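Raw contents of structure-v4.cif, mmCIF, C-alpha atoms and all ligand atoms:
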```cif
data_coords
#
loop_
_atom_site.label_atom_id
_atom_site.label_comp_id
_atom_site.auth_asym_id
_atom_site.auth_seq_id
_atom_site.Cartn_x
_atom_site.Cartn_y
_atom_site.Cartn_z
CA MET A 1165 43.50 30.87 -46.37
CA ALA A 1166 46.86 32.09 -45.03
CA LEU A 1167 46.85 34.49 -42.08
CA GLY A 1168 46.83 38.12 -43.16
CA THR A 1169 45.54 37.51 -46.68
CA VAL A 1170 42.39 39.33 -47.75
CA PRO A 1171 39.74 37.16 -49.45
CA ALA A 1172 39.09 38.10 -53.09
CA PRO A 1173 35.70 39.75 -53.64
CA LEU A 1174 33.06 37.26 -54.70
CA PRO A 1175 31.81 37.27 -58.30
CA PRO A 1176 28.09 37.96 -58.76
CA LEU A 1177 25.48 35.31 -58.14
CA ALA A 1178 23.38 33.81 -60.93
CA VAL A 1179 19.59 33.60 -60.84
CA THR A 1180 17.87 31.37 -63.38
CA MET A 1181 14.60 32.02 -65.20
CA GLY A 1182 12.71 28.94 -64.00
CA ASP A 1183 9.41 28.20 -65.72
CA PRO A 1184 8.68 31.37 -67.68
CA ALA A 1185 4.92 30.96 -67.17
CA GLY A 1186 5.24 30.75 -63.38
CA ILE A 1187 5.99 33.47 -60.84
CA GLY A 1188 9.77 33.26 -61.37
CA PRO A 1189 10.01 36.39 -63.56
CA GLU A 1190 7.78 38.43 -61.23
CA ILE A 1191 9.68 37.57 -58.05
CA THR A 1192 13.01 38.10 -59.83
CA ALA A 1193 11.92 41.61 -60.83
CA ALA A 1194 10.93 42.24 -57.20
CA LEU A 1195 14.28 40.84 -56.05
CA TRP A 1196 16.19 43.18 -58.35
CA ARG A 1197 14.22 46.19 -57.12
CA GLN A 1198 14.97 45.20 -53.55
CA THR A 1199 18.70 44.54 -54.01
CA ARG A 1200 19.78 47.00 -56.71
CA GLY A 1201 20.99 49.47 -54.04
CA GLN A 1202 22.88 47.27 -51.64
CA GLY A 1203 23.24 43.89 -53.40
CA PRO A 1204 24.02 41.06 -53.46
CA VAL A 1205 24.67 41.63 -57.18
CA PHE A 1206 23.28 38.94 -59.47
CA CYS A 1207 22.85 38.33 -63.16
CA TRP A 1208 19.76 36.66 -64.55
CA TYR A 1209 19.85 33.78 -67.04
CA GLY A 1210 16.59 34.30 -68.87
CA ASP A 1211 14.59 35.98 -71.59
CA PRO A 1212 14.45 39.78 -71.21
CA ALA A 1213 11.11 39.80 -73.07
CA LEU A 1214 9.57 38.36 -69.88
CA MET A 1215 10.44 41.58 -68.02
CA ALA A 1216 9.18 43.96 -70.72
CA GLY A 1217 7.56 47.05 -69.23
CA ALA A 1218 8.26 46.00 -65.64
CA ILE A 1219 11.94 46.71 -64.98
CA PRO A 1220 14.88 47.87 -67.13
CA THR A 1221 17.14 45.09 -68.36
CA GLN A 1222 20.56 45.12 -70.02
CA ALA A 1223 22.05 42.21 -71.92
CA ILE A 1224 25.54 41.24 -70.84
CA THR A 1225 27.89 38.69 -72.36
CA HIS A 1226 29.81 37.71 -69.21
CA PRO A 1227 28.77 37.72 -65.52
CA SER A 1228 31.72 40.01 -64.69
CA GLN A 1229 29.76 42.83 -66.38
CA ALA A 1230 26.88 42.51 -63.91
CA ALA A 1231 28.28 44.76 -61.18
CA CYS A 1232 28.52 47.82 -63.46
CA VAL A 1233 24.96 47.39 -64.66
CA PHE A 1234 23.16 46.27 -61.52
CA ALA A 1235 22.14 49.59 -59.97
CA ASN A 1236 20.40 50.74 -63.16
CA ALA A 1237 19.14 47.59 -64.86
CA LEU A 1238 18.82 43.86 -64.39
CA PRO A 1239 21.92 42.32 -66.03
CA VAL A 1240 20.77 39.51 -68.32
CA MET A 1241 22.69 36.60 -69.75
CA VAL A 1242 20.18 36.16 -72.53
CA VAL A 1243 18.41 32.80 -72.94
CA ARG A 1244 15.44 33.28 -75.27
CA CYS A 1245 12.18 31.34 -75.03
CA PRO A 1246 11.30 29.96 -78.46
CA GLU A 1247 7.55 30.48 -77.97
CA PRO A 1248 5.51 33.40 -76.56
CA VAL A 1249 4.75 33.00 -72.86
CA THR A 1250 1.33 33.36 -71.26
CA PRO A 1251 1.57 33.54 -67.46
CA GLY A 1252 -0.17 30.55 -65.91
CA THR A 1253 -0.26 28.57 -69.17
CA LEU A 1254 2.04 25.56 -69.17
CA ASP A 1255 4.05 25.04 -72.36
CA SER A 1256 6.75 22.41 -72.84
CA ALA A 1257 7.89 24.18 -76.02
CA ASN A 1258 9.87 26.57 -73.81
CA SER A 1259 11.45 23.81 -71.74
CA PRO A 1260 14.73 23.77 -73.71
CA ALA A 1261 15.28 27.41 -72.70
CA VAL A 1262 14.48 26.60 -69.06
CA VAL A 1263 17.06 23.82 -69.10
CA ALA A 1264 19.60 25.97 -70.99
CA ALA A 1265 19.39 28.68 -68.32
CA ILE A 1266 20.15 26.18 -65.54
CA THR A 1267 22.94 24.59 -67.58
CA GLN A 1268 24.64 27.88 -68.45
CA ALA A 1269 24.43 29.21 -64.90
CA THR A 1270 25.88 25.98 -63.50
CA GLN A 1271 28.70 26.06 -66.04
CA ALA A 1272 29.44 29.65 -65.02
CA ALA A 1273 29.61 28.52 -61.39
CA LEU A 1274 31.95 25.67 -62.27
CA ALA A 1275 34.17 28.18 -64.09
CA GLY A 1276 34.17 30.48 -61.06
CA ASP A 1277 32.42 33.25 -63.02
CA VAL A 1278 29.48 33.30 -60.59
CA ALA A 1279 29.63 32.61 -56.86
CA GLY A 1280 26.56 30.40 -56.85
CA VAL A 1281 23.33 29.55 -58.63
CA VAL A 1282 19.89 30.53 -57.35
CA THR A 1283 17.21 28.73 -59.32
CA ALA A 1284 13.67 29.99 -59.80
CA PRO A 1285 11.08 27.21 -59.71
CA ILE A 1286 10.55 24.77 -62.56
CA ALA A 1287 7.57 22.51 -63.16
CA LYS A 1288 8.99 19.03 -63.30
CA HIS A 1289 6.14 17.49 -65.28
CA VAL A 1290 6.34 20.25 -67.93
CA LEU A 1291 10.06 19.56 -68.44
CA LYS A 1292 9.43 15.81 -68.46
CA ALA A 1293 6.96 16.23 -71.31
CA ALA A 1294 9.81 17.80 -73.28
CA GLY A 1295 12.11 14.84 -72.60
CA PHE A 1296 13.97 16.11 -69.53
CA SER A 1297 14.89 13.03 -67.52
CA PHE A 1298 15.78 14.44 -64.09
CA PRO A 1299 13.29 14.70 -61.21
CA GLY A 1300 14.48 18.17 -60.20
CA HIS A 1301 17.23 20.78 -60.18
CA THR A 1302 19.04 18.96 -57.39
CA GLU A 1303 19.76 15.83 -59.40
CA PHE A 1304 20.28 17.74 -62.67
CA ILE A 1305 22.85 20.13 -61.25
CA ALA A 1306 24.64 17.23 -59.54
CA SER A 1307 24.87 15.54 -62.93
CA LEU A 1308 26.11 18.74 -64.63
CA THR A 1309 28.89 19.02 -62.07
CA GLY A 1310 29.90 15.37 -62.55
CA GLN A 1311 28.84 14.64 -58.95
CA GLY A 1312 25.67 12.62 -59.54
CA GLY A 1313 24.78 10.77 -56.32
CA GLU A 1314 26.68 13.20 -54.08
CA GLU A 1315 23.81 15.71 -53.86
CA LEU A 1316 21.91 16.32 -50.63
CA MET A 1317 18.66 18.25 -50.36
CA MET A 1318 18.37 20.57 -47.37
CA LEU A 1319 15.51 22.97 -46.73
CA ALA A 1320 15.90 25.62 -44.08
CA CYS A 1321 13.74 28.33 -42.55
CA PRO A 1322 14.96 31.00 -40.14
CA PRO A 1323 13.85 31.57 -36.53
CA ARG A 1324 10.66 33.59 -36.22
CA ALA A 1325 8.41 35.20 -33.69
CA TRP A 1326 5.23 33.31 -32.86
CA GLY A 1327 3.10 35.94 -31.18
CA HIS A 1328 5.63 37.47 -28.80
CA THR A 1329 7.63 34.27 -28.44
CA PRO A 1330 10.75 33.75 -30.53
CA GLN A 1331 10.92 30.24 -31.97
CA PRO A 1332 13.85 28.31 -33.41
CA GLY A 1333 14.14 27.82 -37.16
CA LEU A 1334 14.49 24.45 -38.81
CA ARG A 1335 16.88 22.67 -41.18
CA VAL A 1336 15.81 19.36 -42.70
CA VAL A 1337 17.94 17.05 -44.86
CA LEU A 1338 16.41 14.19 -46.80
CA ALA A 1339 17.69 10.60 -46.92
CA THR A 1340 15.53 10.00 -50.01
CA ILE A 1341 14.44 12.81 -52.31
CA HIS A 1342 12.17 12.76 -55.37
CA THR A 1343 10.85 9.25 -55.24
CA SER A 1344 7.58 7.54 -54.36
CA LEU A 1345 6.88 6.73 -50.75
CA ALA A 1346 7.03 3.01 -51.58
CA SER A 1347 10.49 3.39 -53.17
CA ALA A 1348 11.69 5.49 -50.27
CA VAL A 1349 10.67 2.80 -47.78
CA ALA A 1350 12.32 0.15 -49.96
CA ALA A 1351 15.55 2.16 -50.04
CA LEU A 1352 15.64 2.23 -46.24
CA GLN A 1353 15.74 -1.54 -45.70
CA GLY A 1354 18.62 -3.73 -44.59
CA GLU A 1355 22.29 -3.07 -45.15
CA GLY A 1356 21.55 -0.64 -48.00
CA GLY A 1357 19.29 1.43 -45.76
CA ARG A 1358 21.87 1.49 -42.99
CA ALA A 1359 24.61 2.58 -45.41
CA ARG A 1360 22.36 5.29 -46.86
CA ILE A 1361 21.53 6.78 -43.47
CA MET A 1362 25.19 6.74 -42.42
CA ASP A 1363 26.32 8.31 -45.68
CA VAL A 1364 23.70 11.09 -45.59
CA ALA A 1365 24.45 11.79 -41.91
CA ARG A 1366 28.21 12.02 -42.46
CA ARG A 1367 27.83 14.29 -45.48
CA THR A 1368 25.26 16.47 -43.72
CA VAL A 1369 27.63 16.99 -40.80
CA ALA A 1370 30.48 17.85 -43.19
CA ALA A 1371 28.27 20.36 -45.01
CA LEU A 1372 27.05 21.97 -41.77
CA LYS A 1373 30.68 22.53 -40.83
CA ARG A 1374 31.82 23.80 -44.24
CA ASP A 1375 28.81 25.83 -45.32
CA PHE A 1376 27.27 26.95 -42.01
CA GLY A 1377 30.37 27.23 -39.83
CA LEU A 1378 29.02 24.89 -37.15
CA PRO A 1379 32.02 23.28 -35.41
CA ARG A 1380 30.14 20.28 -33.96
CA PRO A 1381 26.76 19.88 -35.65
CA ARG A 1382 23.96 18.15 -33.75
CA LEU A 1383 21.83 15.88 -35.88
CA TRP A 1384 18.51 14.31 -34.96
CA VAL A 1385 17.39 11.40 -37.12
CA ALA A 1386 13.69 10.72 -37.59
CA GLY A 1387 12.09 7.32 -37.22
CA LEU A 1388 10.15 5.94 -40.15
CA ASN A 1389 7.10 4.54 -38.39
CA PRO A 1390 4.54 5.91 -35.92
CA HIS A 1391 6.10 6.32 -32.47
CA ALA A 1392 9.47 5.44 -34.06
CA GLY A 1393 8.28 1.83 -34.23
CA GLU A 1394 7.28 1.53 -30.53
CA ASP A 1395 9.93 -1.14 -29.96
CA GLY A 1396 9.00 -3.12 -33.05
CA MET A 1397 5.23 -3.05 -32.47
CA MET A 1398 4.61 -0.62 -35.35
CA GLY A 1399 7.51 -1.35 -37.65
CA CYS A 1400 11.02 -2.76 -37.48
CA GLU A 1401 13.16 -0.27 -39.45
CA GLU A 1402 14.06 1.67 -36.30
CA ARG A 1403 15.34 -1.43 -34.51
CA ASP A 1404 16.94 -3.17 -37.48
CA VAL A 1405 18.29 -0.31 -39.59
CA ILE A 1406 18.24 3.16 -38.04
CA SER A 1407 19.47 2.39 -34.52
CA PRO A 1408 22.45 0.30 -35.72
CA ALA A 1409 23.37 3.11 -38.15
CA LEU A 1410 23.24 5.67 -35.36
CA GLU A 1411 25.33 3.52 -33.01
CA ALA A 1412 28.00 3.24 -35.70
CA LEU A 1413 27.92 7.01 -36.31
CA LYS A 1414 28.26 7.71 -32.59
CA ALA A 1415 31.27 5.41 -32.51
CA GLU A 1416 32.78 7.63 -35.22
CA GLY A 1417 32.28 10.62 -32.91
CA LEU A 1418 29.22 12.21 -34.58
CA ASP A 1419 26.67 13.98 -32.40
CA VAL A 1420 23.56 12.11 -33.58
CA GLU A 1421 20.37 11.22 -31.75
CA GLY A 1422 17.45 9.05 -32.76
CA PRO A 1423 15.44 7.45 -34.10
CA MET A 1424 13.08 10.20 -32.96
CA PRO A 1425 9.29 9.91 -33.11
CA PRO A 1426 8.56 12.04 -36.19
CA ASP A 1427 5.42 13.64 -34.75
CA THR A 1428 7.20 15.39 -31.88
CA MET A 1429 10.67 16.15 -33.22
CA PHE A 1430 9.63 19.43 -34.87
CA THR A 1431 8.16 21.17 -31.81
CA PRO A 1432 9.93 24.42 -30.81
CA ALA A 1433 11.47 22.75 -27.76
CA ALA A 1434 12.84 19.92 -29.86
CA ARG A 1435 14.12 22.19 -32.64
CA ALA A 1436 16.20 24.11 -30.14
CA ARG A 1437 18.20 20.95 -29.46
CA TYR A 1438 19.54 20.14 -32.94
CA ASP A 1439 21.11 21.87 -35.92
CA ALA A 1440 19.48 19.68 -38.57
CA ALA A 1441 16.85 16.98 -38.75
CA LEU A 1442 17.64 14.04 -40.98
CA CYS A 1443 14.30 13.00 -42.45
CA LEU A 1444 13.77 9.74 -44.23
CA TYR A 1445 11.45 10.79 -47.03
CA HIS A 1446 10.48 14.01 -48.83
CA ASP A 1447 7.27 14.98 -47.07
CA GLN A 1448 8.47 13.96 -43.61
CA GLY A 1449 10.82 16.92 -43.77
CA LEU A 1450 9.08 19.30 -46.13
CA ILE A 1451 5.66 19.35 -44.47
CA PRO A 1452 6.97 20.75 -41.17
CA LEU A 1453 9.41 23.04 -42.97
CA LYS A 1454 6.85 24.63 -45.28
CA THR A 1455 4.21 24.79 -42.57
CA LEU A 1456 6.60 26.62 -40.28
CA GLY A 1457 8.27 28.93 -42.74
CA MET A 1458 7.36 28.64 -46.41
CA GLU A 1459 7.51 32.44 -46.79
CA GLU A 1460 11.23 32.55 -46.06
CA GLY A 1461 12.25 28.94 -46.59
CA VAL A 1462 15.24 28.08 -48.75
CA ASN A 1463 16.13 24.91 -50.61
CA ILE A 1464 19.89 24.29 -50.51
CA THR A 1465 21.78 21.67 -52.48
CA LEU A 1466 24.61 20.43 -50.29
CA GLY A 1467 27.52 18.21 -51.18
CA LEU A 1468 28.38 19.69 -54.58
CA ASP A 1469 31.28 21.85 -55.70
CA VAL A 1470 28.87 24.58 -56.83
CA VAL A 1471 26.68 26.57 -54.44
CA ARG A 1472 23.01 26.19 -55.33
CA THR A 1473 19.94 27.50 -53.54
CA SER A 1474 16.32 28.06 -54.48
CA PRO A 1475 13.13 29.38 -52.94
CA ASP A 1476 11.23 26.60 -51.18
CA HIS A 1477 8.06 27.09 -53.22
CA GLY A 1478 7.06 26.04 -56.70
CA THR A 1479 5.94 27.77 -59.87
CA ALA A 1480 2.61 28.97 -58.41
CA PHE A 1481 0.95 28.99 -61.85
CA ASP A 1482 -2.36 29.80 -60.16
CA ILE A 1483 -1.21 33.35 -59.31
CA ALA A 1484 1.20 34.09 -62.18
CA ARG A 1485 0.45 37.49 -63.79
CA PRO A 1486 1.72 39.49 -66.76
CA PRO A 1487 4.36 42.19 -66.12
CA SER A 1488 1.77 44.96 -66.48
CA GLN A 1489 0.19 43.76 -63.20
CA TRP A 1490 3.36 43.17 -61.18
CA GLY A 1491 3.63 45.30 -58.09
CA SER A 1492 -0.02 46.31 -58.20
CA PRO A 1493 -1.87 45.92 -54.90
CA ALA A 1494 -3.83 42.73 -54.32
CA GLN A 1495 -7.55 42.84 -55.08
CA ALA A 1496 -9.95 41.38 -52.53
CA GLY A 1497 -9.36 37.65 -52.32
CA GLN A 1498 -6.36 37.78 -54.67
CA ARG A 1499 -2.98 36.35 -53.69
CA VAL A 1500 0.14 37.92 -55.12
CA ALA A 1501 3.63 36.48 -55.55
CA ASP A 1502 5.82 36.89 -52.49
CA ALA A 1503 9.56 37.30 -53.21
CA ARG A 1504 10.83 36.77 -49.66
CA SER A 1505 11.82 33.15 -50.16
CA LEU A 1506 13.80 34.05 -53.30
CA HIS A 1507 15.50 36.88 -51.39
CA GLN A 1508 16.48 34.48 -48.62
CA ALA A 1509 17.77 32.06 -51.26
CA LEU A 1510 20.00 34.81 -52.67
CA LEU A 1511 21.31 35.77 -49.21
CA THR A 1512 21.90 32.11 -48.31
CA ALA A 1513 23.84 31.48 -51.52
CA GLN A 1514 25.99 34.50 -50.80
CA ALA A 1515 26.63 33.38 -47.20
CA ILE A 1516 27.61 29.85 -48.27
CA ALA A 1517 29.86 31.17 -51.04
CA LYS A 1518 31.57 33.44 -48.50
CA ALA A 1519 31.96 30.59 -46.02
CA ARG A 1520 33.53 28.39 -48.70
CA SER A 1521 35.86 31.14 -49.92
CA THR A 1522 37.29 31.60 -46.44
CA HIS A 1523 37.31 27.91 -45.50
N1 LIG B 1601 12.39 24.64 -56.66
C1 LIG B 1601 11.54 24.19 -57.58
O1 LIG B 1601 11.83 24.20 -58.75
C2 LIG B 1601 10.18 23.70 -57.14
C3 LIG B 1601 9.84 23.55 -55.80
C4 LIG B 1601 8.57 23.06 -55.46
C5 LIG B 1601 7.65 22.76 -56.47
N2 LIG B 1601 8.03 22.94 -57.77
C6 LIG B 1601 7.09 22.71 -58.88
O2 LIG B 1601 6.07 23.68 -58.82
C7 LIG B 1601 4.90 23.18 -59.42
C8 LIG B 1601 3.71 23.57 -58.60
O3 LIG B 1601 3.81 22.93 -57.34
P1 LIG B 1601 2.78 23.13 -56.14
O4 LIG B 1601 1.52 23.72 -56.64
O5 LIG B 1601 2.78 21.91 -55.36
O6 LIG B 1601 3.50 24.19 -55.19
P2 LIG B 1601 3.63 25.77 -55.29
O7 LIG B 1601 4.62 26.14 -54.24
O8 LIG B 1601 3.91 26.21 -56.67
O9 LIG B 1601 2.20 26.35 -54.88
C9 LIG B 1601 1.51 25.97 -53.71
C10 LIG B 1601 0.59 27.12 -53.28
O10 LIG B 1601 1.38 28.15 -52.72
C11 LIG B 1601 1.22 29.38 -53.42
N3 LIG B 1601 2.54 30.00 -53.56
C12 LIG B 1601 3.70 29.38 -53.89
N4 LIG B 1601 4.70 30.26 -53.92
C13 LIG B 1601 4.18 31.45 -53.61
C14 LIG B 1601 4.73 32.76 -53.47
N5 LIG B 1601 6.04 33.02 -53.65
N6 LIG B 1601 3.90 33.78 -53.14
C15 LIG B 1601 2.60 33.57 -52.93
N7 LIG B 1601 2.01 32.34 -53.04
C16 LIG B 1601 2.80 31.30 -53.37
C17 LIG B 1601 0.65 29.01 -54.78
O11 LIG B 1601 -0.07 30.06 -55.34
C18 LIG B 1601 -0.16 27.76 -54.45
O12 LIG B 1601 -1.43 28.14 -54.05
C19 LIG B 1601 5.10 21.67 -59.55
O13 LIG B 1601 5.21 21.36 -60.92
C20 LIG B 1601 6.40 21.38 -58.85
O14 LIG B 1601 7.20 20.44 -59.54
C21 LIG B 1601 9.25 23.41 -58.12
N1 LIG B 1602 11.54 18.99 -53.39
C1 LIG B 1602 11.42 20.41 -53.51
C2 LIG B 1602 10.17 20.93 -52.90
O1 LIG B 1602 9.20 20.21 -52.85
O2 LIG B 1602 10.17 22.08 -52.52
C3 LIG B 1602 11.36 20.82 -54.93
O3 LIG B 1602 10.64 19.93 -55.69
C4 LIG B 1602 12.57 21.33 -55.51
O4 LIG B 1602 13.34 20.35 -56.08
P1 LIG B 1602 14.60 20.81 -56.91
O5 LIG B 1602 15.30 21.84 -56.09
O6 LIG B 1602 15.42 19.58 -57.02
O7 LIG B 1602 14.10 21.31 -58.20
#
```
Let's see the structure in the file written out as structure tokens.
Amino acid sequence: MALGTVPAPLPPLAVTMGDPAGIGPEITAALWRQTRGQGPVFCWYGDPALMAGAIPTQAITHPSQAACVFANALPVMVVRCPEPVTPGTLDSANSPAVVAAITQATQAALAGDVAGVVTAPIAKHVLKAAGFSFPGHTEFIASLTGQGGEELMMLACPPRAWGHTPQPGLRVVLATIHTSLASAVAALQGEGGRARIMDVARRTVAALKRDFGLPRPRLWVAGLNPHAGEDGMMGCEERDVISPALEALKAEGLDVEGPMPPDTMFTPAARARYDAALCLYHDQGLIPLKTLGMEEGVNITLGLDVVRTSPDHGTAFDIARPPSQWGSPAQAGQRVADARSLHQALLTAQAIAKARSTH
């Protein structure tokens, strides 16, 4: 951006319906109530029938109409579910609408009509039963943008107080995503494994600069084995694959450390020393992240031209309720849907979109 120019205001964000039988509609209604006064403005790609009786909705035909509507009603880019929805009851018959909502919102982002896409949770096995071939939003949205293979999955949770002690947050990025543990280990062998780690590290550093404004990101890379291999006693990937990759990255000038013993690299003292942890398989990163901060955790797809975030939780079918019960106080022993993670996802999408627009 040239000096002295004022950045154009951002278009609204898009929020997608997610699985209509999960908690997506309930937390989206809560999100609208919370943000209708001060924003960020968003439009919802979904079926207004899911909100009936809970909040006012208004159909719009273009995201640019969202701002005028937002204070008084949820602006809806209508995507109808073909079958009636019962909260908590899985039904692949509505999967085409779930996929259409994601597709339309992503296309709007590619066209610059929305500043980013915030996806409510989907149930991957329900979509698979309807013929959907992607393991998650991350890979699907990468494919829609023509950037399949360039996607990175980051999950982040903010700093928090633990008792009276403030503790650092956490960002994790995954070297392998939605794949079995056996396939993940196979993908981390030999020259291919080294190239994968180097590629993910380089792209993570670029994204931390572009999207989070960190001038010199510090990356810690996890080991694969107990004790990071204990010098080959408990596994050789650290010695043969990870360490050579990290030496090469250091020679390129990246601030990377590792391979770190995975059991100690998520302590508060350790977290204070890096900006992101590169984890080698899904649960290595997501277990500490969700244990530390599931309530406000955000899933962020890095590396794509479109901004995409999501809450860090799933569909929570076990607590999904009809609109008539939304907002009612919890009964003894009952758990109710918490919209904080979705709110953080919305704020994170807005922050990344702003960072990119001024980059
Ligand atoms: N972003 C996504 O689309 C996404 C992310 C994770 C899981 N999933 C999908 O979700 C489905 C269910 O997965 P799961 O059961 O492992 O995880 P889950 O996150 O849906 O639920 C785990 C537990 O946490 C509770 N929970 C989750 N979110 C909550 C919230 N906002 N407020 C209160 N309680 C909440 C649930 O009630 C449940 O007891 C799976 O089909 C999975 O594919 C989707
Ligand atoms: N891996 C994520 C998690 O466990 O929270 C989740 O499945 C979301 O994946 P997508 O964002 O690709 O749908």
Nearby residues, ligand LIG 1602 (chain B), 8 Å, all atoms listed in the file, as a PDB file with C-alpha atoms, keeping the file's coordinate frame:
```
ATOM      1  CA  THR A1283      17.210  28.730 -59.320  1.00  0.00           C
ATOM      2  CA  PRO A1285      11.080  27.210 -59.710  1.00  0.00           C
ATOM      3  CA  ILE A1286      10.550  24.770 -62.560  1.00  0.00           C
ATOM      4  CA  LYS A1288       8.990  19.030 -63.300  1.00  0.00           C
ATOM      5  CA  PRO A1299      13.290  14.700 -61.210  1.00  0.00           C
ATOM      6  CA  GLY A1300      14.480  18.170 -60.200  1.00  0.00           C
ATOM      7  CA  HIS A1301      17.230  20.780 -60.180  1.00  0.00           C
ATOM      8  CA  THR A1302      19.040  18.960 -57.390  1.00  0.00           C
ATOM      9  CA  GLU A1303      19.760  15.830 -59.400  1.00  0.00           C
ATOM     10  CA  PHE A1304      20.280  17.740 -62.670  1.00  0.00           C
ATOM     11  CA  MET A1317      18.660  18.250 -50.360  1.00  0.00           C
ATOM     12  CA  LEU A1319      15.510  22.970 -46.730  1.00  0.00           C
ATOM     13  CA  ILE A1341      14.440  12.810 -52.310  1.00  0.00           C
ATOM     14  CA  HIS A1342      12.170  12.760 -55.370  1.00  0.00           C
ATOM     15  CA  HIS A1446      10.480  14.010 -48.830  1.00  0.00           C
ATOM     16  CA  LEU A1450       9.080  19.300 -46.130  1.00  0.00           C
ATOM     17  CA  ASN A1463      16.130  24.910 -50.610  1.00  0.00           C
ATOM     18  CA  ILE A1464      19.890  24.290 -50.510  1.00  0.00           C
ATOM     19  CA  THR A1465      21.780  21.670 -52.480  1.00  0.00           C
ATOM     20  CA  THR A1473      19.940  27.500 -53.540  1.00  0.00           C
ATOM     21  CA  SER A1474      16.320  28.060 -54.480  1.00  0.00           C
ATOM     22  CA  PRO A1475      13.130  29.380 -52.940  1.00  0.00           C
ATOM     23  CA  ASP A1476      11.230  26.600 -51.180  1.00  0.00           C
ATOM     24  CA  HIS A1477       8.060  27.090 -53.220  1.00  0.00           C
ATOM     25  CA  GLY A1478       7.060  26.040 -56.700  1.00  0.00           C
TER      26      GLY A1478
END
```
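Going from atom CA of A:Cys1232 over to atom CA of A:Asp1469, you cover 27.2 Å.
Residue nearest ligand LIG 1601 (chain B) within the list A:Pro1176, A:Pro1248, A:Pro1189, A:Pro1432: A:Pro1189 [criterion: smallest interatomic distance, only C-alpha atoms and all ligand atoms].
When all atoms listed in the file are used to compute distances to ligand LIG 1601 (chain B), the closest of the residues A:Ala1218, A:Ala1294, A:Leu1254, A:Val1369 turns out to be A:Leu1254.
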Query raised in the report: Near stretch 1222-1224 of chain A, counting all atoms listed in the file, which residues have an atom at most 7 Å away, once you skip same-chain residues fewer than 2 positions from it, shown as a ChimeraX atom specification?
Result: /A:1220,1226,1229,1237-1242
**Report entry** Straight-line distance linking atom CA of A:Gly1276 with atom C1 of ligand LIG 1601 (chain B), stated in Å to one decimal
**Finding:** 23.7 Å
